[in-house]
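Asks: Structure below; questions to follow.
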Amino acid sequence: MEHSNAALARQFEQAADILEILGENPFRVRAYRNAARVINDQPQPITDRVREGFDPADLPGIGADLADKIREFTTTGHIAWIDDLRTQIPAGLLELLRLPGVGPKKVRALWQELGITDLDGLRAAAEAQKIQALPGFGKKTEQNILKALSSDFLQERRFLRPVGKQAVAPFLELLAAMDTVDRFEIAGSYRRGRETVGDIDVIITARETDAPAIMDALVAHPSVQDVLVHGPGKTSVVTELDIQIDFRVVAPESWGAALLYFTGSKAHNIVLRDRARNRGWKLNEFGLFDGKQCIASKTEAEIYDAFGLETPPPELRENRGEFEAAEQHNLPRLICIEDYRGNLHAHSTWSDGKQTLHDIITAARDEFHYSYWAATDHSKSLTVANGLDEDRVLQQIDEIAKLRETVPGIEILTGIECDILEDGTLDLPDEILSRLDVVIIAIHSKFNLSRKAQTERMLRAMDNPWITFVAHPTGRLLTRREGYAIDIERVIRHAAERGCFLELNASPWRLDLNDIYCREAAAAGVPITINTDAHHSRDLNNLEHGIAQARRGWLRADQVINTLPVPQLRDAIRRTKLA
DNA sequence: GCCGTTTTCGGCCCGACTGTTTTCAGTCG
Ligand SMILES: Nc1nc2c(ncn2[C@H]2C[C@H](O)[C@@H](COP(=O)(O)OP(=O)(O)OP(=O)(O)O)O2)c(=O)[nH]1
Ligand SMILES: [Mg+2]
Ligand SMILES: [Mg+2]
Ligand SMILES: [Zn+2]
């Protein structure tokens with residue numbers, strides 16, 4: 001379900017769009033966009049906190065005026081001033097703004113000069129060749145508008161990380177094969193580990209004279225469906241999968257500055273560039289300059305050093321407190337993939353997995369060097385997944401006893417992914433659950449309960465004495481469906497009080513808990529367990545995405561259960577049992 | 001609209017590419 005923070009942020013984003021069309025001060029517009037970003041970054045619903053007396057002006061980028069508007073939104077669900085704003089332009093103009101190549105200035109001109117108020121009007125005007133006559137417009141602009149209108153520009157699409165990775169792979173191969181290319185790397189949101197990516201950004205270094213040929217080669221690649229911009233320093237293409245890829249080429253000595261720039265985030269870049277100005281310097285994608293003198297450019301670390309800052313890992317570069325921590329040289333030592341020792345949530349052919357327990361555990365041991373494995377197939381009410389009833393759980397416990405002999409060298413734990421029923425009771429009786437090492441609980445049905453009912457269902461399930469952790473706590477599927485309505489704050493607090501873990505599910509569709517909630521949970525003292533939820537050993541490769549999300553949540557190894565060696569892991573699990 | 005041990009007013013990141021334009025505005029990253 002959409003978070004109330006998202007609804008509030010959308011108000012401010014829309015206000016920014018309208019103000020921009022009206023020709024307002026761009027810095028005022030930016031203030032609204034900035035506020036929207038800060039609001040979206042908050043783990044707790046701001047309206048809830050305001051009701052408890054919190055002053056929104058304590059948030060960065062929110063002052064007296066926006067704080068008043070937030071308080072109004074809290075009590076009435078509306079912001080009258082923004083409602084008024086909406087009446088000042090035709091509603092259809094906001095859709096025009098989403099056309100690629102069409103910004104606030106063009107929208108304003110189309111509206112003021114030609115009386116265009118919506119997409120149909122725009123199409124008609126373009127087809128009647130009225131647009132090319134406008135000052136600042138021309139034949140080319142008119143053609144570009146028609147082309148944009150025929151694309152599916154309306155919903156901004158984001159992609160799963162593996163989809164983006166796959167789309168860019170052939171271009172990376174091409175770059176690797178070119179001897180004029182010095183270095184290249186994926187930058188942007190992918191490098192920052194974001195759960196979805198809007199496009200893929202690739203930074204390249206090469207001699208200036210070689211840049212045009214490199215861009216020509218990229219554009220000529222057979223999987224290029226469309227070329228959006230094509231210059232020697234910056235080129236953008238659209239692939240056959242309709243995924244945009246942005247390339248930047250700079251000179252080899254600018255590697256660090258360019259990687260830093262292209263990694264972002266935009267908000268992070270702006271803060272760093274502002275710090276440069278405050279010292280009388282200038283930062284851009286070519287280097288850090290004092291007048292004409294280049295102070296630093298070769299590596300990212302060299303540039304952060306010049307500011308007296310520890311280098312923040314890309315996952316932290318969201319302007320969510322990394323500058324304050326980097327100033328103190330107090331950035332967290334983030335978990336990395338090498339810290340990870342074993343799995344606590346995966347499936348086998350006992351339920352809906354694609355490999356036998358024997359095969360997937362053997363692969364985990366031999367190919368992924370895991371120290372432990374919990375067998376956690378589905379429980380009986382998930383009939384489509386061939387969930388286990390009481391008898392089959394007992395049979396599986398027997399099989400695992402045998403597997404401990406036939407697959408030595410990896411600690412095998414018994415377990416279940418037990419469905420939470422509508423009333424918050426569990427799908428299997430305590431007599432069964434009490435015999436298992438790992439009891440995962442999860443919601444796989446009745447997604448439509450009210451927020452209150454869903455939360456109470458979850459809390460009740462967590463009160464069962466045998467449970468170990470809650471799997472994919474919000475239930476969202478990225479790019480497919482929102483999570484069920486639930487008060488995650490209460491779930492986190494309850495986990496802290498009760499003493500159980502919360503999962504960061506590493507499936508690329510889930511990555512649930514997300515970065516912000518992971519940080520919140522860890523701060524509340526709740527251990528996080530990261531699991532691929534593998535149905536086949538190849539799914540274990542998804543761990544990298546889960547680790548990326550964990551790092552974005554500022555998690556250290558000591559906050560993640562799966563970094564524990566077997567004895568400490570068993571201790572930690574034992575402490576979750578309340579009986 | 002926000003923000004501040006140089007400021008409570010006057011700043012607010014910086015640059016590439018395109019298409020329109022005889023020098024640059026608009027859009028995007
Ligand atoms: N300094 C500066 N850098 C920017 C700006 N816009 C984008 N960048 C940099 C930082 C971004 O991470 C990087 C790539 O831009 P994108 O638009 O692809 O954004 P990003 O990859 O962060 O997110 P995405 O998942 O693509 O929506 O370029 C800007 O306005 N100013
Ligand atoms: Mg990007
Ligand atoms: Mg991009
Ligand atoms: Zn599962």
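If you're wondering about the labels, chains in the structure tokens are A, B, ... by order shown, residues count from 1 in each chain, ligands from 1 in order shown.
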For ligand 1, return the neighbouring residues as a ChimeraX atom specification (distance at most 8 Å; only C-alpha atoms (C1' of nucleotides) and all ligand atoms).

Replies: /A:158,187-190,192,194,196-201,246,261-267,269-270,273,284 /B:13-14,28-29

Asks: Write out as a PyMOL selection string each polymer residue (protein, DNA or RNA) that has an atom no more than 8 Å from ligand 4, with only C-alpha atoms (C1' of nucleotides) and all ligand atoms counted.

Replies: chain A and resi 345-347+376-378+417+471+533-534

Asks: Kindly provide, as a PyMOL selection string, the residues of chain B having any atom no farther than 6 Å from an atom of chain A, counting only C-alpha atoms (C1' of nucleotides).

Replies: chain B and resi 1-2+13+20

Asks: Take the residues just selected and output them with N, CA, C and O atoms (P, O5', C5', C4', C3', O3' and C1' of nucleotides) as an mmCIF file, in the first residue's frame.

Replies:
```
data_model
loop_
_atom_site.group_PDB
_atom_site.id
_atom_site.type_symbol
_atom_site.label_atom_id
_atom_site.label_comp_id
_atom_site.auth_asym_id
_atom_site.auth_seq_id
_atom_site.Cartn_x
_atom_site.Cartn_y
_atom_site.Cartn_z
ATOM 1 P P DG B 1 6.655 30.188 -0.560
ATOM 2 O "O5'" DG B 1 7.912 29.195 -0.430
ATOM 3 C "C5'" DG B 1 7.748 27.819 -0.550
ATOM 4 C "C4'" DG B 1 8.933 27.128 0.093
ATOM 5 C "C3'" DG B 1 9.237 27.590 1.507
ATOM 6 O "O3'" DG B 1 9.696 26.451 2.228
ATOM 7 C "C1'" DG B 1 11.066 28.134 0.071
ATOM 8 P P DC B 2 10.255 26.568 3.731
ATOM 9 O "O5'" DC B 2 11.833 26.463 3.499
ATOM 10 C "C5'" DC B 2 12.351 25.319 2.821
ATOM 11 C "C4'" DC B 2 13.857 25.308 2.916
ATOM 12 C "C3'" DC B 2 14.401 25.583 4.311
ATOM 13 O "O3'" DC B 2 15.443 24.663 4.589
ATOM 14 C "C1'" DC B 2 15.280 27.179 2.773
ATOM 15 P P DC B 13 22.532 24.825 -5.819
ATOM 16 O "O5'" DC B 13 24.000 24.737 -6.405
ATOM 17 C "C5'" DC B 13 25.028 24.162 -5.622
ATOM 18 C "C4'" DC B 13 26.051 23.567 -6.532
ATOM 19 C "C3'" DC B 13 26.515 24.512 -7.629
ATOM 20 O "O3'" DC B 13 27.915 24.338 -7.764
ATOM 21 C "C1'" DC B 13 25.556 22.573 -8.617
ATOM 22 P P DT B 20 14.112 23.095 -34.442
ATOM 23 O "O5'" DT B 20 14.298 24.681 -34.326
ATOM 24 C "C5'" DT B 20 13.706 25.369 -33.218
ATOM 25 C "C4'" DT B 20 14.612 26.489 -32.767
ATOM 26 C "C3'" DT B 20 14.875 27.574 -33.805
ATOM 27 O "O3'" DT B 20 13.904 28.607 -33.686
ATOM 28 C "C1'" DT B 20 16.839 27.038 -32.556
#
```

Asks: Skip A:Arg556 itself and residues of its chain fewer than 2 positions away, then list as a PyMOL selection string all residues within 9 Å of it, counting only C-alpha atoms (C1' of nucleotides).

Replies: chain A and resi 332-336+550-551+554+558-560

Asks: I need the helix (DSSP H, G or I) residues of stretch 298-399 of chain A per DSSP on the backbone, written as number ranges by chain.

Replies: A: 300-306, 314-316, 322-327, 337-339, 357-366, 383-385, 390-399

Asks: Which neighbours of A:Arg392 fall inside 10 Å, counting only C-alpha atoms (C1' of nucleotides), when residues of the same chain fewer than 6 positions from it are skipped, and could you give them as a list in words?

Replies: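 The contact residues come out as Trp350, Ser379, Lys380 and Asp398 of chain A.
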
Asks: Within stretch 74-278 of chain A, find each residue whose DSSP state, derived from the backbone, is strand (DSSP E), and express the selection as a ChimeraX atom specification.

Replies: /A:159-160,181-186,196-197,200-206,224-230,234-239,244-250

Asks: Just to be explicit: take each residue in the selection above, keep C-alpha atoms, and write the result as an mmCIF file, in the first residue's frame.

Replies:
```cif
data_model
loop_
_atom_site.group_PDB
_atom_site.id
_atom_site.type_symbol
_atom_site.label_atom_id
_atom_site.label_comp_id
_atom_site.auth_asym_id
_atom_site.auth_seq_id
_atom_site.Cartn_x
_atom_site.Cartn_y
_atom_site.Cartn_z
ATOM 1 C CA PHE A 159 13.367 -1.968 -13.738
ATOM 2 C CA LEU A 160 14.552 -4.781 -11.531
ATOM 3 C CA VAL A 181 38.756 2.334 -23.910
ATOM 4 C CA ASP A 182 40.772 2.949 -20.751
ATOM 5 C CA ARG A 183 38.295 2.058 -17.969
ATOM 6 C CA PHE A 184 34.528 1.700 -17.643
ATOM 7 C CA GLU A 185 32.039 0.968 -14.883
ATOM 8 C CA ILE A 186 28.314 0.971 -14.213
ATOM 9 C CA THR A 196 15.081 -0.692 -8.966
ATOM 10 C CA VAL A 197 16.778 1.364 -11.658
ATOM 11 C CA ILE A 200 21.651 2.239 -16.573
ATOM 12 C CA ASP A 201 24.511 4.722 -16.454
ATOM 13 C CA VAL A 202 27.967 3.785 -17.703
ATOM 14 C CA ILE A 203 31.071 5.890 -17.157
ATOM 15 C CA ILE A 204 33.968 5.447 -19.576
ATOM 16 C CA THR A 205 37.451 6.942 -19.744
ATOM 17 C CA ALA A 206 39.414 7.323 -22.987
ATOM 18 C CA VAL A 224 20.159 -0.311 -29.929
ATOM 19 C CA GLN A 225 16.584 0.514 -30.800
ATOM 20 C CA ASP A 226 16.771 4.281 -30.593
ATOM 21 C CA VAL A 227 19.397 6.976 -30.115
ATOM 22 C CA LEU A 228 18.310 9.818 -27.838
ATOM 23 C CA VAL A 229 21.508 11.869 -27.744
ATOM 24 C CA HIS A 230 24.774 11.245 -29.514
ATOM 25 C CA LYS A 234 27.540 11.978 -23.591
ATOM 26 C CA THR A 235 25.366 9.519 -25.477
ATOM 27 C CA SER A 236 22.039 7.898 -24.608
ATOM 28 C CA VAL A 237 20.422 4.930 -26.305
ATOM 29 C CA VAL A 238 17.312 2.856 -25.813
ATOM 30 C CA THR A 239 17.751 -0.903 -26.037
ATOM 31 C CA GLN A 244 17.689 3.560 -21.544
ATOM 32 C CA ILE A 245 21.460 3.445 -21.216
ATOM 33 C CA ASP A 246 23.448 6.645 -20.639
ATOM 34 C CA PHE A 247 27.135 6.733 -21.491
ATOM 35 C CA ARG A 248 29.637 9.410 -20.465
ATOM 36 C CA VAL A 249 33.203 9.528 -21.743
ATOM 37 C CA VAL A 250 35.873 11.642 -20.015
#
```

Asks: Using only C-alpha atoms and all ligand atoms, find the one residue out of A:Ile243, A:Ile303, A:Arg49, A:Lys130 that sits nearest to ligand 2.

Replies: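 With only C-alpha atoms and all ligand atoms as the atom set, the closest residue is A:Ile243.
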